[in-house]
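Text of the file run.txt, holding compact mmCIF, C-alpha atoms and all ligand atoms:
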# COMPACT_ATOMS: atom_id res chain seq x y z
CA MET A 92 0.00 0.00 0.00
CA ALA A 93 1.10 3.58 -0.67
CA ASP A 94 -0.52 6.99 -0.58
CA LEU A 95 -0.85 9.21 -3.64
CA ALA A 96 2.62 10.67 -3.14
CA GLY A 97 4.04 7.15 -3.25
CA THR A 98 5.02 7.05 0.41
CA PRO A 99 4.67 3.45 1.58
CA THR A 100 2.25 2.74 4.43
CA PRO A 101 4.33 1.95 7.50
CA VAL A 102 4.18 -1.65 8.65
CA LEU A 103 4.12 -0.24 12.16
CA SER A 104 3.34 3.26 13.30
CA VAL A 105 3.55 4.38 16.93
CA ARG A 106 2.28 7.80 18.02
CA GLY A 107 2.36 9.43 21.44
CA LEU A 108 2.65 6.15 23.25
CA ARG A 109 2.60 6.37 27.02
CA LYS A 110 2.78 3.51 29.48
CA MET A 111 2.52 3.61 33.25
CA PHE A 112 3.07 1.01 35.93
CA GLY A 113 1.09 2.36 38.88
CA ASP A 114 2.13 5.99 39.26
CA THR A 115 5.39 5.54 37.38
CA VAL A 116 5.63 6.57 33.75
CA VAL A 117 7.80 3.96 32.04
CA LEU A 118 7.28 5.13 28.43
CA ARG A 119 6.41 8.63 27.28
CA ASP A 120 5.90 10.37 23.92
CA ILE A 121 7.10 7.38 21.92
CA ASP A 122 6.81 8.07 18.17
CA PHE A 123 8.31 5.97 15.40
CA ASP A 124 7.50 4.13 12.19
CA VAL A 125 8.78 0.90 10.73
CA LEU A 126 8.57 1.13 6.95
CA PRO A 127 8.45 -1.98 4.74
CA GLY A 128 11.78 -3.81 4.93
CA GLN A 129 13.11 -1.64 7.73
CA ALA A 130 14.72 -2.46 11.05
CA VAL A 131 14.31 -0.10 14.00
CA VAL A 132 16.81 -0.83 16.77
CA LEU A 133 16.18 0.08 20.42
CA ILE A 134 19.21 0.73 22.58
CA GLY A 135 19.43 1.95 26.16
CA GLY A 136 20.41 0.86 29.65
CA SER A 137 18.66 -1.70 31.78
CA GLY A 138 15.26 -0.37 32.87
CA SER A 139 15.06 2.24 30.08
CA GLY A 140 11.85 0.71 28.73
CA LYS A 141 12.93 -1.42 25.74
CA SER A 142 11.12 -4.60 26.77
CA THR A 143 8.00 -2.75 27.85
CA LEU A 144 7.86 -1.02 24.48
CA LEU A 145 8.15 -4.31 22.62
CA ARG A 146 5.47 -5.80 24.86
CA CYS A 147 3.17 -2.85 24.08
CA LEU A 148 3.65 -3.41 20.34
CA ASN A 149 2.50 -6.98 20.74
CA LEU A 150 -0.39 -5.99 23.04
CA LEU A 151 1.14 -7.95 25.91
CA GLU A 152 0.79 -4.66 27.82
CA THR A 153 -2.06 -2.19 27.60
CA VAL A 154 -1.04 1.35 26.71
CA ASP A 155 -2.21 4.37 28.69
CA ASP A 156 -2.17 6.84 25.83
CA GLY A 157 -1.27 7.08 22.18
CA ASP A 158 -1.88 4.61 19.39
CA ILE A 159 -0.24 1.86 17.42
CA HIS A 160 -1.09 0.99 13.83
CA LEU A 161 -0.09 -2.30 12.18
CA ASP A 162 -0.35 -2.21 8.38
CA GLY A 163 -2.53 0.89 8.62
CA ARG A 164 -4.98 -0.57 11.14
CA GLU A 165 -5.17 0.71 14.68
CA ILE A 166 -4.40 -2.19 17.00
CA THR A 167 -4.77 -0.15 20.19
CA ASP A 168 -8.48 0.13 19.42
CA PRO A 169 -10.16 -1.82 22.26
CA ARG A 170 -12.33 -3.66 19.75
CA VAL A 171 -9.27 -5.32 18.20
CA HIS A 172 -8.56 -8.85 19.39
CA ALA A 173 -5.06 -9.18 20.80
CA ASP A 174 -4.74 -12.76 19.56
CA GLU A 175 -5.41 -11.67 16.02
CA VAL A 176 -2.64 -9.05 16.26
CA ARG A 177 -0.19 -11.48 17.86
CA ARG A 178 -0.72 -13.92 15.02
CA ARG A 179 0.72 -11.31 12.68
CA ILE A 180 3.75 -10.48 14.82
CA GLY A 181 6.63 -12.87 15.52
CA VAL A 182 8.38 -12.45 18.87
CA VAL A 183 11.63 -13.82 20.28
CA PHE A 184 12.76 -13.06 23.83
CA GLN A 185 16.08 -13.42 25.58
CA ALA A 186 15.34 -16.99 26.68
CA TYR A 187 12.60 -19.53 27.38
CA ASN A 188 11.21 -19.26 23.88
CA LEU A 189 10.75 -22.94 23.12
CA PHE A 190 8.33 -25.63 24.23
CA PRO A 191 10.71 -28.00 26.05
CA HIS A 192 8.38 -31.01 25.85
CA MET A 193 7.99 -30.84 22.07
CA THR A 194 10.37 -31.89 19.34
CA VAL A 195 12.13 -29.35 17.18
CA LEU A 196 9.71 -29.99 14.31
CA ARG A 197 6.65 -29.72 16.53
CA ASN A 198 7.89 -26.45 18.03
CA VAL A 199 7.79 -24.98 14.55
CA THR A 200 4.55 -26.54 13.30
CA LEU A 201 2.40 -26.05 16.40
CA ALA A 202 1.22 -22.47 15.80
CA PRO A 203 0.71 -22.82 12.03
CA ILE A 204 -1.45 -25.91 12.58
CA ARG A 205 -3.30 -24.95 15.76
CA VAL A 206 -3.57 -21.19 15.44
CA HIS A 207 -3.40 -20.52 11.71
CA ARG A 208 -5.25 -23.70 10.71
CA ARG A 209 -2.73 -24.60 8.04
CA PRO A 210 -2.86 -28.16 6.71
CA ARG A 211 -0.46 -30.38 8.65
CA ALA A 212 1.54 -31.47 5.58
CA GLU A 213 1.99 -27.90 4.42
CA ALA A 214 3.09 -26.78 7.91
CA ARG A 215 5.60 -29.62 8.09
CA ASP A 216 7.01 -28.86 4.65
CA ARG A 217 7.47 -25.22 5.54
CA ALA A 218 9.03 -26.14 8.90
CA ARG A 219 11.48 -28.58 7.27
CA GLU A 220 12.47 -25.92 4.77
CA LEU A 221 13.09 -23.35 7.53
CA LEU A 222 14.96 -25.85 9.72
CA THR A 223 17.14 -26.90 6.80
CA ARG A 224 18.04 -23.26 6.30
CA ILE A 225 19.41 -23.03 9.82
CA GLY A 226 21.19 -26.38 9.66
CA LEU A 227 18.79 -28.30 11.88
CA ALA A 228 17.41 -30.66 9.23
CA ASP A 229 18.89 -33.63 11.08
CA LYS A 230 17.45 -32.54 14.45
CA LEU A 231 13.72 -32.59 13.65
CA ASP A 232 12.91 -35.25 16.24
CA VAL A 233 15.11 -34.13 19.12
CA TYR A 234 14.01 -32.01 22.06
CA PRO A 235 15.26 -28.43 22.49
CA ASP A 236 17.47 -29.28 25.48
CA ARG A 237 19.67 -31.31 23.14
CA LEU A 238 20.52 -28.19 21.13
CA SER A 239 23.17 -25.56 21.84
CA GLY A 240 22.00 -22.15 23.04
CA GLY A 241 22.68 -20.70 19.60
CA GLN A 242 20.70 -23.47 17.91
CA GLN A 243 17.85 -22.91 20.37
CA GLN A 244 17.63 -19.20 19.61
CA ARG A 245 17.82 -19.82 15.86
CA LEU A 246 15.02 -22.35 16.30
CA ALA A 247 13.03 -19.73 18.25
CA ILE A 248 13.47 -17.28 15.36
CA VAL A 249 12.40 -19.86 12.81
CA ARG A 250 9.38 -20.73 14.94
CA ALA A 251 8.43 -17.03 15.00
CA LEU A 252 8.68 -17.02 11.19
CA ALA A 253 6.68 -20.17 10.56
CA ALA A 254 3.37 -18.39 10.18
CA GLY A 255 4.76 -15.64 7.93
CA PRO A 256 4.51 -12.62 10.26
CA ALA A 257 4.24 -9.03 9.05
CA LEU A 258 6.70 -7.89 11.73
CA LEU A 259 9.36 -9.47 13.94
CA LEU A 260 10.10 -8.27 17.50
CA LEU A 261 13.41 -9.34 19.03
CA ASP A 262 14.22 -8.59 22.67
CA GLU A 263 17.91 -9.03 23.50
CA ILE A 264 17.89 -12.47 21.93
CA THR A 265 21.62 -13.04 22.41
CA SER A 266 21.98 -11.75 25.98
CA ALA A 267 21.82 -15.19 27.57
CA LEU A 268 24.20 -16.83 25.09
CA ASP A 269 27.86 -17.72 25.45
CA PRO A 270 29.85 -15.20 23.40
CA GLU A 271 30.91 -17.76 20.78
CA LEU A 272 27.25 -18.51 19.98
CA VAL A 273 26.13 -14.90 19.45
CA GLY A 274 27.40 -14.62 15.88
CA GLU A 275 25.36 -17.44 14.37
CA VAL A 276 22.13 -15.97 15.79
CA LEU A 277 22.84 -12.42 14.63
CA THR A 278 23.87 -13.68 11.18
CA LEU A 279 20.42 -15.24 10.79
CA VAL A 280 18.73 -11.98 11.80
CA GLY A 281 20.92 -10.07 9.32
CA THR A 282 19.83 -12.44 6.55
CA LEU A 283 16.16 -11.95 7.40
CA LYS A 284 16.62 -8.19 7.38
CA ARG A 285 18.24 -8.33 3.93
CA GLU A 286 15.30 -10.42 2.75
CA GLY A 287 13.03 -7.53 3.73
CA LEU A 288 11.41 -8.70 6.96
CA PRO A 289 10.45 -5.61 9.01
CA MET A 290 11.65 -5.73 12.60
CA VAL A 291 11.99 -3.93 15.91
CA VAL A 292 15.06 -5.12 17.78
CA ALA A 293 16.28 -4.37 21.31
CA THR A 294 19.98 -5.18 21.57
CA HIS A 295 23.23 -4.40 23.35
CA GLU A 296 25.26 -5.61 20.33
CA MET A 297 26.29 -2.30 18.81
CA ALA A 298 28.14 -3.71 15.78
CA PHE A 299 24.99 -5.64 14.93
CA ALA A 300 22.81 -2.55 15.49
CA HIS A 301 25.09 -0.65 13.13
CA GLU A 302 24.77 -3.33 10.49
CA ILE A 303 21.01 -3.79 10.42
CA ALA A 304 19.38 -0.59 11.71
CA ASP A 305 17.61 1.85 9.43
CA GLU A 306 16.90 3.89 12.53
CA VAL A 307 18.36 3.66 16.04
CA LEU A 308 16.32 4.90 19.01
CA PHE A 309 18.22 5.56 22.24
CA LEU A 310 15.87 5.22 25.21
CA ASP A 311 16.57 6.62 28.63
CA ALA A 312 14.05 6.51 31.50
CA GLY A 313 11.23 5.77 29.06
CA SER A 314 11.90 8.57 26.57
CA ILE A 315 13.52 8.57 23.15
CA VAL A 316 16.47 10.84 23.95
CA GLU A 317 18.20 10.54 20.59
CA ARG A 318 17.38 8.96 17.25
CA GLY A 319 18.83 8.70 13.78
CA THR A 320 20.89 6.52 11.50
CA PRO A 321 23.43 4.18 13.11
CA SER A 322 26.27 6.51 12.19
CA GLN A 323 24.48 9.50 13.71
CA VAL A 324 23.53 7.84 16.98
CA LEU A 325 26.29 5.27 17.46
CA ASP A 326 29.29 7.05 15.95
CA ASN A 327 28.44 10.72 16.53
CA PRO A 328 25.96 10.93 19.40
CA ARG A 329 24.93 14.50 20.25
CA GLU A 330 23.26 13.92 23.60
CA ALA A 331 25.35 13.53 26.75
CA ARG A 332 23.22 10.60 27.93
CA THR A 333 23.82 8.72 24.67
CA GLN A 334 27.54 9.41 24.88
CA GLN A 335 27.68 8.12 28.45
CA PHE A 336 25.68 5.01 27.59
CA LEU A 337 27.92 4.14 24.64
CA ALA A 338 31.11 4.89 26.60
CA ARG A 339 30.07 2.40 29.28
CA LEU A 340 29.74 -0.37 26.71
CA THR A 341 33.31 -0.15 25.49
P1 LIG B 401 14.57 -2.62 29.66
O1 LIG B 401 14.00 -3.73 28.85
O2 LIG B 401 15.07 -1.48 28.86
O3 LIG B 401 15.61 -3.13 30.62
P2 LIG B 401 11.96 -2.62 30.95
O4 LIG B 401 11.00 -2.30 29.89
O5 LIG B 401 12.11 -4.03 31.36
O6 LIG B 401 13.40 -2.01 30.56
O7 LIG B 401 11.61 -1.78 32.24
C1 LIG B 401 11.27 -0.40 32.19
C2 LIG B 401 10.80 0.05 33.56
O8 LIG B 401 9.54 -0.53 33.85
C3 LIG B 401 11.73 -0.37 34.69
O9 LIG B 401 11.76 0.68 35.64
C4 LIG B 401 11.05 -1.59 35.25
O10 LIG B 401 11.37 -1.75 36.59
C5 LIG B 401 9.59 -1.25 35.05
N1 LIG B 401 8.74 -2.43 34.89
C6 LIG B 401 8.84 -3.36 33.90
N2 LIG B 401 7.85 -4.26 34.00
C7 LIG B 401 7.10 -3.90 35.07
C8 LIG B 401 5.93 -4.44 35.70
N3 LIG B 401 5.31 -5.52 35.22
N4 LIG B 401 5.46 -3.78 36.78
C9 LIG B 401 6.04 -2.67 37.26
N5 LIG B 401 7.15 -2.11 36.71
C10 LIG B 401 7.66 -2.71 35.64
MG MG B 402 14.56 -5.68 28.63
Show the structure stored in the file as structure tokens.
Amino acid sequence: MADLAGTPTPVLSVRGLRKMFGDTVVLRDIDFDVLPGQAVVLIGGSGSGKSTLLRCLNLLETVDDGDIHLDGREITDPRVHADEVRRRIGVVFQAYNLFPHMTVLRNVTLAPIRVHRRPRAEARDRARELLTRIGLADKLDVYPDRLSGGQQQRLAIVRALAAGPALLLLDEITSALDPELVGEVLTLVGTLKREGLPMVVATHEMAFAHEIADEVLFLDAGSIVERGTPSQVLDNPREARTQQFLARLT
């Protein structure tokens, strides 16, 4: 979709979003768009609001003000069913993404069969194709605890992709991994980005943020303090708080 001027409809559009926990404002005045094929990367210290923002996008949290549109449709409208929205958004968290009591193949086919009502054979074919892509074709019948941490997170990503989401949300998906396993997970995300999958990604991996981000948002105490291209925000930050945050990482 595009308007008459040829500007593409954002996949995701967030305006004036505000979120409170009790009396505490944890997100304020959050505005951003994800255009088709784009990656927006959230950076910021612990407690700055990255996870809460991602949870709001997926309607895992209610918002106190502002609105969110997915493919031009307002999903913060109370009449919208959260399950319907979540079916269109793939999510991967830091850990505990997989069903431990199900095989690798079943982890990937469960939602397409149960939630999206895809025929079993079709879901299995698609799952095998995705699992082959990430080198797990010979692990279809094993349980997740038999996989390395990097394999588990790549499986979690593939599971999030199985139903063909419009948008992918990734919340510090490599934070719990041993350093030598981080690369294989981020390489997969980079490939998906190049293939045009829109995403919102919270990460502490600045080289990765630099590589994939179309826009970087630096959050501090629930506000977007600085935003721009990776070279603007990561290489030439203007705000003191951004400078301090980046200096602490190195
Ligand atoms: P980040 O992911 O950037 O570390 P979070 O979104 O987890 O930040 O947290 C933002 C703020 O919201 C923090 O002050 C945190 O303590 C608070 N917070 C997060 N979840 C809840 C909750 N369920 N109830 C109350 N406060 C919360
Ligand atoms: Mg978090």
Any residue with an atom at most 7 Å from ligand LIG 401 (chain B) counts, using all atoms listed in the file. Which are they? Put them as a PyMOL selection string. chain A and resi 112+117+135-144+313
Keeping C-alpha atoms for every residue in the selection just given, could you write it to a file as a CSV table (one decimal), keeping the file's coordinate frame?
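Saved the output as selection_24.csv:
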chain,number,residue,atom,x,y,z
A,112,PHE,CA,3.1,1.0,35.9
A,117,VAL,CA,7.8,4.0,32.0
A,135,GLY,CA,19.4,2.0,26.2
A,136,GLY,CA,20.4,0.9,29.6
A,137,SER,CA,18.7,-1.7,31.8
A,138,GLY,CA,15.3,-0.4,32.9
A,139,SER,CA,15.1,2.2,30.1
A,140,GLY,CA,11.8,0.7,28.7
A,141,LYS,CA,12.9,-1.4,25.7
A,142,SER,CA,11.1,-4.6,26.8
A,143,THR,CA,8.0,-2.8,27.8
A,144,LEU,CA,7.9,-1.0,24.5
A,313,GLY,CA,11.2,5.8,29.1
What does the distance from CA of Arg179 (chain A) to CA of Gly240 (chain A) come to in Å, to one decimal? 26.0 Å
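CA of Leu118 (chain A) to CA of Pro99 (chain A) spans 27.0 Å [interatomic distance, one decimal].
Ranking A:Glu275, A:Glu263, A:Glu317, A:Glu286 by their shortest atom-to-atom distance to Ile225 (chain A), with only C-alpha atoms included, puts A:Glu275 first.
One distance worth recording is that between CA of Thr200 (chain A) and CA of Gly241 (chain A), which is 20.1 Å.
Of the residues under consideration (A:Val307, A:Leu133, A:Leu126, A:Leu340), A:Leu133 shows the shortest atom-to-atom contact distance to ligand MG 402 (chain B) when counting all atoms listed in the file.
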Please define a box with edges along x, y and z of the file around all atoms of region 247-256 of chain A given in the file, extend it by 4 Å on each side, and return its centre and edge lengths in Å to one decimal, as JSON.
{"center_x": 8.4, "center_y": -16.7, "center_z": 13.1, "size_x": 18.1, "size_y": 16.1, "size_z": 18.3}
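Shell of Ala202 (chain A) at 8 Å, with all atoms listed in the file counted and residues fewer than 5 places along the chain excluded, is His207, Ala253 and Ala254 of chain A.
Taking all atoms listed in the file, the non-local environment of region 326-334 of chain A within 12 Å (same-chain residues fewer than 5 positions away omitted) comprises Ile134, Gly135, Gly136, Ser139, Met297, Ala298, Ala300, His301, Val307, Leu308, Phe309, Leu310, Asp311, Ala312, Ser314, Ile315, Val316, Glu317, Arg318, Gly319, Thr320, Pro321, Arg339, Leu340 and Thr341 of chain A.
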Dump as an mmCIF file, in the coordinates of the input, selection limited to C-alpha atoms:
data_model
loop_
_atom_site.group_PDB
_atom_site.id
_atom_site.type_symbol
_atom_site.label_atom_id
_atom_site.label_comp_id
_atom_site.auth_asym_id
_atom_site.auth_seq_id
_atom_site.Cartn_x
_atom_site.Cartn_y
_atom_site.Cartn_z
ATOM 1 C CA ILE A 134 19.210 0.730 22.580
ATOM 2 C CA GLY A 135 19.430 1.950 26.160
ATOM 3 C CA GLY A 136 20.410 0.860 29.650
ATOM 4 C CA SER A 139 15.060 2.240 30.080
ATOM 5 C CA MET A 297 26.290 -2.300 18.810
ATOM 6 C CA ALA A 298 28.140 -3.710 15.780
ATOM 7 C CA ALA A 300 22.810 -2.550 15.490
ATOM 8 C CA HIS A 301 25.090 -0.650 13.130
ATOM 9 C CA VAL A 307 18.360 3.660 16.040
ATOM 10 C CA LEU A 308 16.320 4.900 19.010
ATOM 11 C CA PHE A 309 18.220 5.560 22.240
ATOM 12 C CA LEU A 310 15.870 5.220 25.210
ATOM 13 C CA ASP A 311 16.570 6.620 28.630
ATOM 14 C CA ALA A 312 14.050 6.510 31.500
ATOM 15 C CA SER A 314 11.900 8.570 26.570
ATOM 16 C CA ILE A 315 13.520 8.570 23.150
ATOM 17 C CA VAL A 316 16.470 10.840 23.950
ATOM 18 C CA GLU A 317 18.200 10.540 20.590
ATOM 19 C CA ARG A 318 17.380 8.960 17.250
ATOM 20 C CA GLY A 319 18.830 8.700 13.780
ATOM 21 C CA THR A 320 20.890 6.520 11.500
ATOM 22 C CA PRO A 321 23.430 4.180 13.110
ATOM 23 C CA ARG A 339 30.070 2.400 29.280
ATOM 24 C CA LEU A 340 29.740 -0.370 26.710
ATOM 25 C CA THR A 341 33.310 -0.150 25.490
#
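Of the residues listed (A:Ala218, A:Leu337, A:Leu201, A:Ala186), A:Ala186 shows the shortest atom-to-atom separation from ligand MG 402 (chain B); distances use all atoms listed in the file.
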As a ChimeraX atom specification, please: the residues near Arg164 (chain A) (cut-off 12 Å, all atoms listed in the file, same-chain neighbours under 2 positions excluded). /A:100-105,158-162,166-168,170-171,176
